[in-house]
Amino acid sequence: MKLATWNVNSIKVRLPQLLDWLAAVKPSVVCLQETKSEDAKFPRAEIEAGGYQVAFSGQKTYNGVAILARSALTDVASGIPDAADEQKRVLAATAEGIRVACVYCPNGQAVGSEKYAYKLKWFESLRDWLRGELARHPRLAVAGDFNVAPEDRDVHDPKAWQGAVLASEPERAALRSLLELGLADSFRLFPQPEKSFTWWDYRMLAFRRNAGLRIDHILLSPELAKSCTGCSIDRALRKLERPSDHAPVVAELL
DNA sequence: ATGGCTACGATCCGTAGA
C-alpha cells in the first residue's frame, strides 16, 4: 500500500490536480497540509466521489490538514492534546491498521523571530505527544510538512542556507528529537538520488534549477519501518500548470 | 540585489508562505 503526504497550498485551487493524482497513483492513505479551507467549505463530496473517505481540520486562509483513505477512517482526533493551539496543524486517524498523524509544522519565518520561537516550542509539544502515541500505537506514521531540512544534503545550496530558517541547527535538533523517539525518516531508509527535494520556491525559476529543500517527510515507527519497501518524491505534480510549491512524498508499505 | 511567485481576503494592497 502507498502512504502519501502532500502540501497542496490550497485544497480549492489544487482539487483538480489532487483528484487526477488520486485516480492515477491510487494511494491508500494521503495526508494533506495547507488546505486553507474552513471545514464548512472543504470539498468533501468531490473527494468522496473519487473513492476516498476524508477527515479534515481547517481554518480560513491559513494552515489546515486532512487525511484521505480508500478504506474507513476511524478515531479521528484534531490537534495535539494538552497543547492549546488555535492553528489547525495536526490531525490523527486510524486507517488500514495504521495510526496516521498528519502534521503541518510551523514555518518559523526567520531565525530569532516570534514565529521561530513558536516553531521550536511547537516541536516540543509534538515530540511529547508522539512519545505517548508511539507507546500506544506500534504501527504509527507521522507524515507532513515539517518545515525542516534535516541535513545539508537536503538543501540545494547548504552554504547559502547555513543557519537560515528551515535549516538552522535548533530546528534540525527539534526534528532529530522526533527520530530519537524511534521514528525513522522513510526516505533515508533507501538509496536516493542526490539533490532530492520536496519544495521549490515559486520565484527564481527554482524548480527548473532544482533549487529546493527536502522538508516534507514520512516518519515511521520501528514496526512500520520494517515493512517499508520504498519511498520517493513525485516531482510530476510540480511540473503542472498552477502547481503547489510542494511535491508529494510517497512511502510503500507491505 | 534579500527580490523575483502564489493564495488569500481584503480591495487594487498587505500578510504569509518557505
# chains A, B, ... in the order shown; residues from 1 in each chain; ligands from 1

$ residues_around --residues "A:Leu73" --least-positions-apart "3" --cutoff "7 Å" --atoms "only C-alpha atoms (C1' of nucleotides)" --output "short mmCIF file (atom, residue, chain, number, x, y, z; two decimals) with N, CA and C atoms, in the first residue's frame"
data_model
loop_
_atom_site.label_atom_id
_atom_site.label_comp_id
_atom_site.auth_asym_id
_atom_site.auth_seq_id
_atom_site.Cartn_x
_atom_site.Cartn_y
_atom_site.Cartn_z
N GLN A 53 -12.51 8.20 1.71
CA GLN A 53 -13.03 8.77 2.94
C GLN A 53 -12.14 9.96 3.29
N ALA A 69 -8.45 8.36 2.91
CA ALA A 69 -8.16 6.92 2.90
C ALA A 69 -9.18 6.20 2.03
N ALA A 93 -5.70 9.92 12.64
CA ALA A 93 -6.78 8.98 12.37
C ALA A 93 -6.17 7.60 12.16
N THR A 94 -7.01 6.58 12.28
CA THR A 94 -6.56 5.22 12.02
C THR A 94 -7.13 4.77 10.68
N ALA A 95 -6.25 4.24 9.83
CA ALA A 95 -6.66 3.73 8.52
C ALA A 95 -5.77 2.56 8.15
#

$ closest_atom_pairs --of "chain A" --to "chain B" --cutoff "12 Å" --atoms "only C-alpha atoms (C1' of nucleotides)" --output "Markdown table"
| residue | atom | partner | partner_atom | distance |
| --- | --- | --- | --- | --- |
| A:Asn7 | CA | B:DG17 | C1' | 11.6 |
| A:Val8 | CA | B:DA7 | C1' | 11.1 |
| A:Asn9 | CA | B:DA7 | C1' | 7.6 |
| A:Ser10 | CA | B:DA7 | C1' | 7.2 |
| A:Ile11 | CA | B:DA7 | C1' | 10.7 |
| A:Lys12 | CA | B:DA7 | C1' | 10.1 |
| A:Val13 | CA | B:DA7 | C1' | 8.7 |
| A:Arg14 | CA | B:DA7 | C1' | 11.1 |
| A:Glu34 | CA | B:DG17 | C1' | 9.9 |
| A:Thr35 | CA | B:DA7 | C1' | 10.8 |
| A:Lys36 | CA | B:DC8 | C1' | 8.5 |
| A:Ser37 | CA | B:DC8 | C1' | 10.3 |
| A:Gln59 | CA | B:DC8 | C1' | 11.9 |
| A:Lys60 | CA | B:DC8 | C1' | 8.7 |
| A:Thr61 | CA | B:DC8 | C1' | 5.5 |
| A:Tyr62 | CA | B:DA16 | C1' | 8.4 |
| A:Asn63 | CA | B:DG17 | C1' | 10.1 |
| A:Cys105 | CA | B:DA18 | C1' | 11.7 |
| A:Pro106 | CA | B:DG17 | C1' | 10.1 |
| A:Asn107 | CA | B:DA18 | C1' | 6.7 |
| A:Gly108 | CA | B:DA18 | C1' | 8.9 |
| A:Gln109 | CA | B:DA18 | C1' | 7.7 |
| A:Ala110 | CA | B:DA18 | C1' | 9.9 |
| A:Lys115 | CA | B:DA16 | C1' | 11.6 |
| A:Asp145 | CA | B:DA18 | C1' | 10.8 |
| A:Phe146 | CA | B:DA18 | C1' | 11.0 |
| A:Asn147 | CA | B:DA18 | C1' | 7.5 |
| A:Val148 | CA | B:DA18 | C1' | 9.7 |
| A:Ala149 | CA | B:DA18 | C1' | 10.9 |
| A:Ala160 | CA | B:DT2 | C1' | 11.4 |
| A:Trp161 | CA | B:DA18 | C1' | 11.7 |
| A:Ala164 | CA | B:DA18 | C1' | 10.7 |
| A:Val165 | CA | B:DA18 | C1' | 8.3 |
| A:Leu166 | CA | B:DA18 | C1' | 7.5 |
| A:Ala167 | CA | B:DA18 | C1' | 10.7 |
| A:Thr198 | CA | B:DA18 | C1' | 11.4 |
| A:Trp199 | CA | B:DA18 | C1' | 8.2 |
| A:Trp200 | CA | B:DA18 | C1' | 8.5 |
| A:Asp201 | CA | B:DA18 | C1' | 7.2 |
| A:Tyr202 | CA | B:DC5 | C1' | 4.6 |
| A:Arg203 | CA | B:DC5 | C1' | 4.7 |
| A:Met204 | CA | B:DG4 | C1' | 5.7 |
| A:Leu205 | CA | B:DG4 | C1' | 8.9 |
| A:Ala206 | CA | B:DC5 | C1' | 10.3 |
| A:Phe207 | CA | B:DC5 | C1' | 11.8 |
| A:Gly212 | CA | B:DA18 | C1' | 9.9 |
| A:Leu213 | CA | B:DA18 | C1' | 9.1 |
| A:Arg214 | CA | B:DA18 | C1' | 11.1 |
| A:Ile215 | CA | B:DA18 | C1' | 9.4 |
| A:Asp216 | CA | B:DA18 | C1' | 11.7 |
| A:Arg242 | CA | B:DT6 | C1' | 8.8 |
| A:Pro243 | CA | B:DT6 | C1' | 9.4 |
| A:Ser244 | CA | B:DT6 | C1' | 8.7 |
| A:Asp245 | CA | B:DT6 | C1' | 8.7 |
| A:His246 | CA | B:DA18 | C1' | 10.1 |

$ closest_residue --among "A:Asp128, A:Lys121, A:Val65, A:Arg208" --to "A:Lys239" --atoms "only C-alpha atoms"
A:Arg208

$ closest_residue --among "A:Val76, A:Leu189, A:Leu32, A:Leu224" --to "A:Gly64" --atoms "only C-alpha atoms"
A:Leu32

$ select_by_dssp --residues "stretch 84-238 of chain A" --states "alpha helix (DSSP H)" --output "VMD selection string"
chain A and resid 114 to 136 158 to 161 169 to 179 222 to 226

$ write_last_selection --atoms "C-alpha atoms" --output "mmCIF file, in the first residue's frame"
data_model
loop_
_atom_site.group_PDB
_atom_site.id
_atom_site.type_symbol
_atom_site.label_atom_id
_atom_site.label_comp_id
_atom_site.auth_asym_id
_atom_site.auth_seq_id
_atom_site.Cartn_x
_atom_site.Cartn_y
_atom_site.Cartn_z
ATOM 1 C CA GLU A 114 8.462 35.212 17.476
ATOM 2 C CA LYS A 115 7.291 32.647 14.937
ATOM 3 C CA TYR A 116 10.618 30.852 15.188
ATOM 4 C CA ALA A 117 10.198 30.583 18.962
ATOM 5 C CA TYR A 118 6.659 29.296 18.411
ATOM 6 C CA LYS A 119 8.013 26.726 15.968
ATOM 7 C CA LEU A 120 10.570 25.326 18.418
ATOM 8 C CA LYS A 121 8.020 25.269 21.238
ATOM 9 C CA TRP A 122 5.524 23.585 18.932
ATOM 10 C CA PHE A 123 8.032 20.839 18.098
ATOM 11 C CA GLU A 124 8.464 20.185 21.835
ATOM 12 C CA SER A 125 4.716 19.651 22.167
ATOM 13 C CA LEU A 126 4.743 17.424 19.108
ATOM 14 C CA ARG A 127 7.600 15.322 20.493
ATOM 15 C CA ASP A 128 5.942 14.924 23.895
ATOM 16 C CA TRP A 129 2.698 13.855 22.254
ATOM 17 C CA LEU A 130 4.354 11.456 19.802
ATOM 18 C CA ARG A 131 6.270 9.745 22.601
ATOM 19 C CA GLY A 132 2.912 8.598 24.003
ATOM 20 C CA GLU A 133 1.459 7.875 20.573
ATOM 21 C CA LEU A 134 4.378 5.565 19.810
ATOM 22 C CA ALA A 135 3.762 3.692 23.049
ATOM 23 C CA ARG A 136 0.050 3.370 22.226
ATOM 24 C CA PRO A 158 23.888 24.481 2.042
ATOM 25 C CA LYS A 159 26.222 27.481 2.236
ATOM 26 C CA ALA A 160 23.510 29.932 1.307
ATOM 27 C CA TRP A 161 21.105 28.278 3.744
ATOM 28 C CA GLU A 169 20.606 23.737 13.930
ATOM 29 C CA PRO A 170 17.884 24.237 16.590
ATOM 30 C CA GLU A 171 15.248 23.246 14.019
ATOM 31 C CA ARG A 172 17.273 20.224 12.959
ATOM 32 C CA ALA A 173 17.682 19.255 16.604
ATOM 33 C CA ALA A 174 13.908 19.549 17.036
ATOM 34 C CA LEU A 175 13.351 17.201 14.097
ATOM 35 C CA ARG A 176 16.036 14.821 15.367
ATOM 36 C CA SER A 177 14.255 14.695 18.719
ATOM 37 C CA LEU A 178 11.377 13.011 16.866
ATOM 38 C CA LEU A 179 13.722 10.500 15.272
ATOM 39 C CA PRO A 222 10.015 0.737 14.021
ATOM 40 C CA GLU A 223 7.334 -1.794 13.104
ATOM 41 C CA LEU A 224 6.215 0.194 10.062
ATOM 42 C CA ALA A 225 9.782 0.952 9.028
ATOM 43 C CA LYS A 226 10.376 -2.788 8.830
#

$ select_by_dssp --residues "stretch 26-178 of chain A" --states "strand (DSSP E or B)" --output "number ranges by chain"
A: 29-33, 53-57, 65-69, 74-78, 90-95, 98-104, 140-145, 155

$ atom_distance --atom1 "atom CA of A:Ala23" --atom2 "atom CA of A:Ala40"
24.7 Å

$ atom_distance --atom1 "atom CA of A:Ala84" --atom2 "atom CA of A:His137"
23.0 Å

$ residues_around --residues "A:Val103" --least-positions-apart "3" --cutoff "6 Å" --atoms "only C-alpha atoms (C1' of nucleotides)" --output "list of chain:residue names"
A:Arg89, A:Val90, A:Gly144

$ atom_distance --atom1 "atom CA of A:Leu19" --atom2 "atom CA of A:Ser221"
28.9 Å

$ decode --residues "stretch 22-67 of chain A" --atoms "N, CA and C atoms" --output "CSV table (one decimal), in the first residue's frame"
chain,number,residue,atom,x,y,z
A,22,LEU,N,-5.0,11.2,-7.4
A,22,LEU,CA,-5.5,10.1,-6.6
A,22,LEU,C,-5.9,8.9,-7.6
A,23,ALA,N,-6.6,9.3,-8.7
A,23,ALA,CA,-7.0,8.3,-9.7
A,23,ALA,C,-5.8,7.6,-10.3
A,24,ALA,N,-4.7,8.3,-10.5
A,24,ALA,CA,-3.6,7.8,-11.2
A,24,ALA,C,-2.7,6.9,-10.3
A,25,VAL,N,-2.5,7.5,-9.1
A,25,VAL,CA,-1.5,6.8,-8.2
A,25,VAL,C,-2.1,5.9,-7.2
A,26,LYS,N,-3.4,6.1,-6.9
A,26,LYS,CA,-4.2,5.3,-6.0
A,26,LYS,C,-3.5,5.0,-4.7
A,27,PRO,N,-3.1,6.0,-4.0
A,27,PRO,CA,-2.5,5.8,-2.6
A,27,PRO,C,-3.7,5.4,-1.7
A,28,SER,N,-3.3,4.5,-0.7
A,28,SER,CA,-4.3,4.1,0.3
A,28,SER,C,-4.6,5.1,1.3
A,29,VAL,N,-3.6,5.9,1.7
A,29,VAL,CA,-3.8,6.9,2.7
A,29,VAL,C,-3.0,8.2,2.2
A,30,VAL,N,-3.6,9.3,2.4
A,30,VAL,CA,-3.0,10.6,2.0
A,30,VAL,C,-3.1,11.6,3.0
A,31,CYS,N,-2.0,12.2,3.4
A,31,CYS,CA,-2.1,13.4,4.4
A,31,CYS,C,-1.9,14.7,3.6
A,32,LEU,N,-2.8,15.6,3.8
A,32,LEU,CA,-2.7,16.9,3.1
A,32,LEU,C,-2.4,18.0,4.1
A,33,GLN,N,-1.7,19.0,3.7
A,33,GLN,CA,-1.4,20.2,4.5
A,33,GLN,C,-1.7,21.5,3.7
A,34,GLU,N,-1.9,22.5,4.5
A,34,GLU,CA,-2.2,23.9,4.0
A,34,GLU,C,-3.4,23.8,3.1
A,35,THR,N,-4.5,23.2,3.6
A,35,THR,CA,-5.7,23.2,2.8
A,35,THR,C,-6.3,24.6,2.7
A,36,LYS,N,-6.1,25.4,3.7
A,36,LYS,CA,-6.5,26.8,3.7
A,36,LYS,C,-8.1,26.9,3.5
A,37,SER,N,-8.8,26.0,4.2
A,37,SER,CA,-10.2,25.9,4.0
A,37,SER,C,-10.9,25.7,5.3
A,38,GLU,N,-11.9,26.5,5.5
A,38,GLU,CA,-12.8,26.2,6.7
A,38,GLU,C,-13.5,24.9,6.4
A,39,ASP,N,-13.8,24.2,7.5
A,39,ASP,CA,-14.4,22.9,7.4
A,39,ASP,C,-15.7,22.9,6.5
A,40,ALA,N,-16.5,23.9,6.7
A,40,ALA,CA,-17.8,24.0,6.0
A,40,ALA,C,-17.6,24.1,4.5
A,41,LYS,N,-16.4,24.6,4.1
A,41,LYS,CA,-16.2,24.8,2.7
A,41,LYS,C,-15.3,23.7,2.1
A,42,PHE,N,-14.9,22.7,2.9
A,42,PHE,CA,-14.0,21.7,2.4
A,42,PHE,C,-14.7,20.8,1.4
A,43,PRO,N,-14.0,20.5,0.2
A,43,PRO,CA,-14.7,19.8,-0.9
A,43,PRO,C,-14.8,18.3,-0.6
A,44,ARG,N,-15.6,18.0,0.5
A,44,ARG,CA,-15.7,16.6,0.9
A,44,ARG,C,-16.4,15.7,-0.2
A,45,ALA,N,-17.5,16.2,-0.8
A,45,ALA,CA,-18.2,15.4,-1.7
A,45,ALA,C,-17.4,15.0,-2.9
A,46,GLU,N,-16.6,16.0,-3.4
A,46,GLU,CA,-15.7,15.7,-4.6
A,46,GLU,C,-14.7,14.6,-4.3
A,47,ILE,N,-14.1,14.7,-3.1
A,47,ILE,CA,-13.1,13.7,-2.7
A,47,ILE,C,-13.8,12.3,-2.5
A,48,GLU,N,-14.9,12.3,-1.9
A,48,GLU,CA,-15.6,11.1,-1.6
A,48,GLU,C,-16.0,10.4,-3.0
A,49,ALA,N,-16.4,11.3,-3.9
A,49,ALA,CA,-16.8,10.8,-5.3
A,49,ALA,C,-15.6,10.1,-5.9
A,50,GLY,N,-14.4,10.6,-5.5
A,50,GLY,CA,-13.1,10.0,-6.1
A,50,GLY,C,-12.8,8.7,-5.4
A,51,GLY,N,-13.6,8.3,-4.4
A,51,GLY,CA,-13.4,6.9,-3.8
A,51,GLY,C,-12.6,7.0,-2.5
A,52,TYR,N,-12.6,8.2,-1.9
A,52,TYR,CA,-11.9,8.3,-0.6
A,52,TYR,C,-12.8,8.8,0.5
A,53,GLN,N,-12.5,8.2,1.7
A,53,GLN,CA,-13.0,8.8,2.9
A,53,GLN,C,-12.1,10.0,3.3
A,54,VAL,N,-12.7,10.9,4.0
A,54,VAL,CA,-11.8,12.1,4.3
A,54,VAL,C,-12.2,12.7,5.6
A,55,ALA,N,-11.1,13.0,6.4
A,55,ALA,CA,-11.3,13.8,7.6
A,55,ALA,C,-10.5,15.0,7.5
A,56,PHE,N,-11.0,16.1,8.1
A,56,PHE,CA,-10.2,17.4,7.9
A,56,PHE,C,-10.4,18.3,9.1
A,57,SER,N,-9.4,19.2,9.3
A,57,SER,CA,-9.5,20.2,10.3
A,57,SER,C,-8.8,21.4,9.8
A,58,GLY,N,-9.7,22.4,9.5
A,58,GLY,CA,-9.2,23.6,8.8
A,58,GLY,C,-9.6,24.9,9.4
A,59,GLN,N,-9.1,25.9,8.8
A,59,GLN,CA,-9.5,27.3,9.2
A,59,GLN,C,-9.4,28.2,7.9
A,60,LYS,N,-9.9,29.3,8.0
A,60,LYS,CA,-9.9,30.3,6.9
A,60,LYS,C,-8.4,30.7,6.6
A,61,THR,N,-8.0,30.8,5.4
A,61,THR,CA,-6.8,31.4,4.9
A,61,THR,C,-5.5,30.7,5.2
A,62,TYR,N,-5.4,30.2,6.4
A,62,TYR,CA,-4.1,29.6,6.9
A,62,TYR,C,-4.2,28.1,7.3
A,63,ASN,N,-3.1,27.4,7.2
A,63,ASN,CA,-2.9,26.1,7.8
A,63,ASN,C,-4.0,25.1,7.2
A,64,GLY,N,-4.4,24.2,8.1
A,64,GLY,CA,-5.4,23.2,7.6
A,64,GLY,C,-4.8,21.9,7.2
A,65,VAL,N,-5.4,20.8,7.7
A,65,VAL,CA,-4.9,19.5,7.5
A,65,VAL,C,-6.0,18.5,7.2
A,66,ALA,N,-5.7,17.5,6.4
A,66,ALA,CA,-6.7,16.5,6.0
A,66,ALA,C,-6.1,15.1,5.9
A,67,ILE,N,-6.9,14.1,6.1
A,67,ILE,CA,-6.4,12.7,5.9
A,67,ILE,C,-7.4,12.0,5.0
